[in-house]
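Engineer: Can you read through this structure? Questions will come right after.
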Amino acid sequence: MNVKEGSFLWHLYLDKVYCLLSVRNAKALLDYFHLLDVHHNNTLNDVLFFHFLHHVTNLTRSQIMKTFDMLDWNASGEVNFDQFYMLICILLAHQNHLKEQFLYRHSRPIFELLDLDGDLKLGPQDFQLFSFLFDIKKQKLKQLYEEFDFTGDHHINYKEFKLFTIFSVDKYQERQKAEKEKATEKVKEKEKEKAKAKAKWLHLQRMSFQIRSH
Amino acid sequence: MEDKVFKALSESGIHYSSDLQRQQSDIRKIWTKTQLSMQDVEMMGNDSEASSISLRRNFREDAAGGYASLSGGEGSFQQLDEVDELDGTNQEVRRGRSLDSLLGHADKDSKIEAERTSSMSSLTILNRTPHKAYWAEQQNRLPLPLIELMESEVLEILTKALSSYRSGIGWNHFMTKQLQRNIEELRKRRNARVRISGK
C-alpha cells in the first residue's frame with residue numbers, strides 16, 4: 001500500500017516517538033477534512049471516503065470498503081474526524097516506515113479495530129483481512145501464534161498482542177542499531193582508505209622531490 | 001444518541017468559529033499597536049544609516065527566531081517554510097527602503113553616536129510590533145501553496161464523487177445538488193486566487 005507521491009497526505013508526517021501528527025499537521029488535516037465534508041455533517045459517507053482513498057492510495061475497491069467497515073465502528077454508515085485521523089496515522093505509519101513503533105504505541109486502538117466481532121480475541125483471519133493495512137506478513141503471523149499464544153486457544157488476546165508489539169519494536173530497534181553500525185563501519189573504512197591514499201601520494205611527492213634535488 | 005452526537009459536533013463547530021473570531025480580534029489589536037508606533041517614529045525625525053542597518057539586522061534575527069518556533073519538525077513542510085522565509089526577507093528589504101525614505105539620511109559623523117541609542121530603542125520597538133502581528137497571522141493560517149494543493153486535490157476527488165452520486169442517486173437529488181454547489185464554489189475560489197496571484 002502506497003500513498004500517492006505529491007498528494008496532500010504525502011506532505012504530512014508522523015512524530016517518530018509518539019507516532020502522531022503534530023498540531024500543525026493535524027490542523028491542516030482538519031481543514032482538508034472540512035473541504036471533503038460537502039454535506040456539512042462533520043462526517044464522510046462511503047462514496048466520498050471511497051473516492052478519497054482511491055485518489056490518494058493504490059488500494060483496491062474491496063480493500064477500501066473493508067477499511068471503511070473497520071473504521072465505521074459505530075455502524076453509522078459514515079466516518080467522522082476521529083476515525084479519519086486514525087486512518088491517516090495508519091497510512092502515514094506505513095509510508096514513514098514506522099509500522100512497528102505505531103503498533104507498539106497504539107496497540108489498544110489497533111487491537112479494537114481488528115477485533116471486528118468484539119470478542120476481545122483475534123484469530124488469524126482477522127489479521128489476514130487487514131494485512132494490506134498493517135503489513136503483518138505470513139511469517140510474522142506464524143511466529144505470533146507460535147510464540148505468543150500462551151493460552152493455547154489459537155486466538156490472541158490483548159495482553160498477548162501487546163507482548164508481540166513490544167517484541168517487534170525491540171527487534172526493529174536492534175535492526176536499526178545493526179544497520180547504523182554497518183554504515184559507520186563503512187564510513188570509517190572509506191576514511192582509512194582515503195588516508196592511506198593520501199599518505200602514499202605524499203610519500204611519492206617526497207621521493208620525486210628528493211630525486212630532483214639530487 | 002444521534003442528537004447528542006450532532007449537538008456535540010455543532011458545539012465543536014461553534015467553538016471552532018468562536019476561537020477563530022477571538023484569534024482574529026487579537027491579531028487586529030497587534031496591528032493597531034503597529035500603526036501607533038509608526039506615528040511615533042515619524043515624530044522622531046531624521047535618523048542615521050547605521051540605525052537602519054541595525055533595524056535590518058534585528059529584522060533578520062527575528063525572522064530566524066520566528067522560524068525556529070514555527071517549524072515543527074522534519075519533512076516537506078520545510079519547503080513551505082522556505083517559501084515563507086523568502087517572503088519575510090523580501091518584506092525586510094522593502095521595509096528597510098521605506099524607513100530610509102521616511103527617516104532620511106543625516107550627517108554620519110555628527111549624528112550617529114548622539115542619536116544611535118535612542119533611535120535604536122524606538123526602532124526596535126517598531127521592528128518587533130509588526131513582526132508579532134505578521135507571525136501571529138502566519139500561526140493561524142496554512143501556507144498558500146498547501147491550501148492550493150489541498151483545494152485542487154479535493155476538487156478532483158469531489159468531481160469523481162459527483163459522477164458516482166449522479167449514477168447512484170440521480171441528478172436531482174438534494175445531495176447531488178449540494179455536492180455540485182460545493183464544487184462550483186471551490187472552483188470559483190481557486191480561479192479567484194489564480195487571478196490574484198497572476199497579477
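By convention here, the chains of the C-alpha cells are called A, B, ... in the order presented, each chain's residues are numbered starting at 1, and ligands are numbered starting at 1 in the order presented.
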Residues near His154 of chain A, anyone? I mean within 7 Å using only C-alpha atoms, not counting same-chain ones fewer than 3 positions away, as an NGL selection string.

Structural biologist: :A and (123 or 145 or 149)

Engineer: Per DSSP on the backbone, filter chain A down to the residues in strand (DSSP E) and report them as an MDAnalysis selection string.

Structural biologist: chainID A and resid 43:45 78:80

Engineer: Considering only C-alpha atoms, extract the chain A residues located within 8 Å of chain B and return them as a PyMOL selection string.

Structural biologist: chain A and resi 7-8+11-13+22+24+28+32+35-36+38-39+42+47-48+51-52+55

Engineer: Just want the 12 Å neighbourhood of Phe134 of chain A, counted on only C-alpha atoms, with same-chain residues fewer than 5 positions away dropped. Output as a PyMOL selection string.

Structural biologist: chain A and resi 1+67+87+89-95+97-103+107+110-111+113-114+126-129+140-141

Engineer: Create the file for the chosen residues now, containing N, CA, C and O atoms and written as a JSON list (two decimals), in the first residue's frame.

Structural biologist:
[["chain", "number", "residue", "atom", "x", "y", "z"],
["A", 1, "MET", "N", 0.86, -1.20, 0.00],
["A", 1, "MET", "CA", 0.00, 0.00, 0.00],
["A", 1, "MET", "C", 0.88, 1.23, 0.00],
["A", 1, "MET", "O", 1.78, 1.35, 0.84],
["A", 67, "THR", "N", -11.72, -1.24, 4.75],
["A", 67, "THR", "CA", -11.20, -0.19, 5.64],
["A", 67, "THR", "C", -12.35, 0.66, 6.18],
["A", 67, "THR", "O", -12.38, 0.98, 7.37],
["A", 87, "LEU", "N", -7.15, 6.70, 10.49],
["A", 87, "LEU", "CA", -6.79, 6.13, 9.19],
["A", 87, "LEU", "C", -5.52, 6.80, 8.65],
["A", 87, "LEU", "O", -4.61, 6.12, 8.16],
["A", 89, "CYS", "N", -3.16, 8.28, 10.26],
["A", 89, "CYS", "CA", -1.98, 7.84, 11.03],
["A", 89, "CYS", "C", -1.53, 6.45, 10.59],
["A", 89, "CYS", "O", -0.32, 6.20, 10.48],
["A", 90, "ILE", "N", -2.47, 5.56, 10.31],
["A", 90, "ILE", "CA", -2.11, 4.21, 9.85],
["A", 90, "ILE", "C", -1.40, 4.31, 8.50],
["A", 90, "ILE", "O", -0.36, 3.67, 8.28],
["A", 91, "LEU", "N", -1.95, 5.11, 7.59],
["A", 91, "LEU", "CA", -1.35, 5.25, 6.27],
["A", 91, "LEU", "C", 0.05, 5.85, 6.36],
["A", 91, "LEU", "O", 0.98, 5.40, 5.68],
["A", 92, "LEU", "N", 0.19, 6.87, 7.21],
["A", 92, "LEU", "CA", 1.48, 7.54, 7.32],
["A", 92, "LEU", "C", 2.51, 6.65, 8.03],
["A", 92, "LEU", "O", 3.71, 6.73, 7.72],
["A", 93, "ALA", "N", 2.06, 5.83, 8.97],
["A", 93, "ALA", "CA", 2.98, 4.91, 9.63],
["A", 93, "ALA", "C", 3.58, 3.95, 8.60],
["A", 93, "ALA", "O", 4.77, 3.64, 8.63],
["A", 94, "HIS", "N", 2.74, 3.55, 7.69],
["A", 94, "HIS", "CA", 3.18, 2.67, 6.61],
["A", 94, "HIS", "C", 4.16, 3.42, 5.71],
["A", 94, "HIS", "O", 5.23, 2.91, 5.35],
["A", 95, "GLN", "N", 3.79, 4.66, 5.38],
["A", 95, "GLN", "CA", 4.58, 5.47, 4.45],
["A", 95, "GLN", "C", 5.93, 5.86, 5.04],
["A", 95, "GLN", "O", 6.94, 5.88, 4.34],
["A", 97, "HIS", "N", 7.64, 4.31, 7.32],
["A", 97, "HIS", "CA", 8.35, 3.13, 7.85],
["A", 97, "HIS", "C", 8.37, 3.12, 9.38],
["A", 97, "HIS", "O", 9.42, 2.92, 10.00],
["A", 98, "LEU", "N", 7.21, 3.37, 9.96],
["A", 98, "LEU", "CA", 7.10, 3.38, 11.43],
["A", 98, "LEU", "C", 6.07, 2.34, 11.89],
["A", 98, "LEU", "O", 5.43, 2.52, 12.93],
["A", 99, "LYS", "N", 5.90, 1.28, 11.13],
["A", 99, "LYS", "CA", 4.83, 0.31, 11.41],
["A", 99, "LYS", "C", 4.98, -0.31, 12.79],
["A", 99, "LYS", "O", 4.02, -0.37, 13.56],
["A", 100, "GLU", "N", 6.21, -0.78, 13.12],
["A", 100, "GLU", "CA", 6.41, -1.46, 14.40],
["A", 100, "GLU", "C", 6.16, -0.51, 15.57],
["A", 100, "GLU", "O", 5.51, -0.87, 16.55],
["A", 101, "GLN", "N", 6.72, 0.72, 15.43],
["A", 101, "GLN", "CA", 6.53, 1.70, 16.51],
["A", 101, "GLN", "C", 5.07, 2.09, 16.66],
["A", 101, "GLN", "O", 4.58, 2.27, 17.77],
["A", 102, "PHE", "N", 4.39, 2.20, 15.52],
["A", 102, "PHE", "CA", 2.98, 2.58, 15.56],
["A", 102, "PHE", "C", 2.17, 1.48, 16.25],
["A", 102, "PHE", "O", 1.31, 1.77, 17.10],
["A", 103, "LEU", "N", 2.45, 0.24, 15.92],
["A", 103, "LEU", "CA", 1.75, -0.89, 16.54],
["A", 103, "LEU", "C", 1.99, -0.90, 18.05],
["A", 103, "LEU", "O", 1.08, -1.16, 18.84],
["A", 107, "SER", "N", -1.26, 0.10, 20.42],
["A", 107, "SER", "CA", -1.68, -1.30, 20.35],
["A", 107, "SER", "C", -3.16, -1.47, 20.71],
["A", 107, "SER", "O", -3.86, -2.28, 20.10],
["A", 110, "ILE", "N", -5.58, -0.31, 17.88],
["A", 110, "ILE", "CA", -5.42, -1.20, 16.73],
["A", 110, "ILE", "C", -6.05, -2.55, 17.01],
["A", 110, "ILE", "O", -6.74, -3.13, 16.16],
["A", 111, "PHE", "N", -5.87, -3.04, 18.24],
["A", 111, "PHE", "CA", -6.49, -4.32, 18.62],
["A", 111, "PHE", "C", -8.01, -4.21, 18.50],
["A", 111, "PHE", "O", -8.67, -5.11, 17.96],
["A", 113, "LEU", "N", -9.68, -2.18, 16.62],
["A", 113, "LEU", "CA", -10.07, -2.06, 15.22],
["A", 113, "LEU", "C", -10.10, -3.43, 14.55],
["A", 113, "LEU", "O", -11.01, -3.74, 13.77],
["A", 114, "LEU", "N", -9.09, -4.25, 14.84],
["A", 114, "LEU", "CA", -9.00, -5.56, 14.21],
["A", 114, "LEU", "C", -10.07, -6.52, 14.75],
["A", 114, "LEU", "O", -10.51, -7.43, 14.05],
["A", 126, "ASP", "N", -8.53, -12.49, 11.16],
["A", 126, "ASP", "CA", -8.65, -11.05, 11.45],
["A", 126, "ASP", "C", -7.40, -10.30, 10.97],
["A", 126, "ASP", "O", -7.50, -9.22, 10.39],
["A", 127, "PHE", "N", -6.25, -10.91, 11.19],
["A", 127, "PHE", "CA", -5.01, -10.28, 10.72],
["A", 127, "PHE", "C", -4.92, -10.32, 9.20],
["A", 127, "PHE", "O", -4.52, -9.33, 8.58],
["A", 128, "GLN", "N", -5.32, -11.48, 8.63],
["A", 128, "GLN", "CA", -5.21, -11.61, 7.17],
["A", 128, "GLN", "C", -6.13, -10.65, 6.45],
["A", 128, "GLN", "O", -5.79, -10.13, 5.39],
["A", 129, "LEU", "N", -7.28, -10.37, 7.06],
["A", 129, "LEU", "CA", -8.25, -9.46, 6.44],
["A", 129, "LEU", "C", -7.65, -8.06, 6.25],
["A", 129, "LEU", "O", -7.95, -7.38, 5.27],
["A", 140, "LYS", "N", 5.50, -13.62, 10.02],
["A", 140, "LYS", "CA", 5.33, -12.94, 11.32],
["A", 140, "LYS", "C", 4.09, -13.45, 12.03],
["A", 140, "LYS", "O", 4.07, -13.60, 13.25],
["A", 141, "LEU", "N", 3.05, -13.67, 11.23],
["A", 141, "LEU", "CA", 1.78, -14.15, 11.79],
["A", 141, "LEU", "C", 1.98, -15.53, 12.42],
["A", 141, "LEU", "O", 1.47, -15.82, 13.52]]

Engineer: Tell me, in Å to one decimal, how far atom CA of Lys171 of chain A is from atom CA of Leu133 of chain A.

Structural biologist: 20.5 Å

Engineer: Kindly give the distance, in Å, that separates atom CA of Asp135 of chain A and atom CA of Ala75 of chain A, rounded to a single decimal.

Structural biologist: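 Interatomic distance, atom CA of Asp135 of chain A to atom CA of Ala75 of chain A: 25.2 Å.
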
Engineer: As a PyMOL selection string, list the residues of segment 63-105 of chain A assigned to helix (DSSP H, G or I) by DSSP on the backbone atoms of this structure.

Structural biologist: chain A and resi 63-71+81-95+99-105

Engineer: Considering only C-alpha atoms, state which residue in the set A:Asn80, A:Asn74, A:Gln139, A:Asn157 is at the smallest distance from Asp115 of chain A.

Structural biologist: A:Asn157

Engineer: What's around segment 158-170 of chain A at 9 Å? Count only C-alpha atoms, leave out sequence neighbours fewer than 3 positions away in its own chain, and write the answer as a ChimeraX atom specification.

Structural biologist: /A:100-101,103-105,107-108,111-112,120-122,144,147-151,173-175

Engineer: For those residues, write C-alpha atoms to a file as an mmCIF file, in the first residue's frame.

Structural biologist:
data_model
loop_
_atom_site.group_PDB
_atom_site.id
_atom_site.type_symbol
_atom_site.label_atom_id
_atom_site.label_comp_id
_atom_site.auth_asym_id
_atom_site.auth_seq_id
_atom_site.Cartn_x
_atom_site.Cartn_y
_atom_site.Cartn_z
ATOM 1 C CA GLU A 100 6.411 -1.464 14.400
ATOM 2 C CA GLN A 101 6.534 1.698 16.506
ATOM 3 C CA LEU A 103 1.746 -0.892 16.544
ATOM 4 C CA TYR A 104 3.583 -0.596 19.860
ATOM 5 C CA ARG A 105 2.402 2.940 20.678
ATOM 6 C CA SER A 107 -1.680 -1.304 20.348
ATOM 7 C CA ARG A 108 -5.042 -0.849 22.144
ATOM 8 C CA PHE A 111 -6.489 -4.320 18.619
ATOM 9 C CA GLU A 112 -10.011 -2.911 18.919
ATOM 10 C CA LEU A 120 -11.701 -9.477 22.643
ATOM 11 C CA LYS A 121 -9.687 -12.051 20.672
ATOM 12 C CA LEU A 122 -8.003 -12.029 17.302
ATOM 13 C CA LEU A 144 2.907 -14.537 16.551
ATOM 14 C CA GLU A 147 5.362 -17.794 20.349
ATOM 15 C CA PHE A 148 2.709 -15.538 21.849
ATOM 16 C CA ASP A 149 -0.399 -17.706 22.089
ATOM 17 C CA PHE A 150 0.218 -18.508 25.772
ATOM 18 C CA THR A 151 -3.365 -19.554 26.437
ATOM 19 C CA GLN A 173 15.447 -1.240 17.156
ATOM 20 C CA GLU A 174 18.126 -3.939 17.097
ATOM 21 C CA ARG A 175 17.966 -4.000 13.308
#
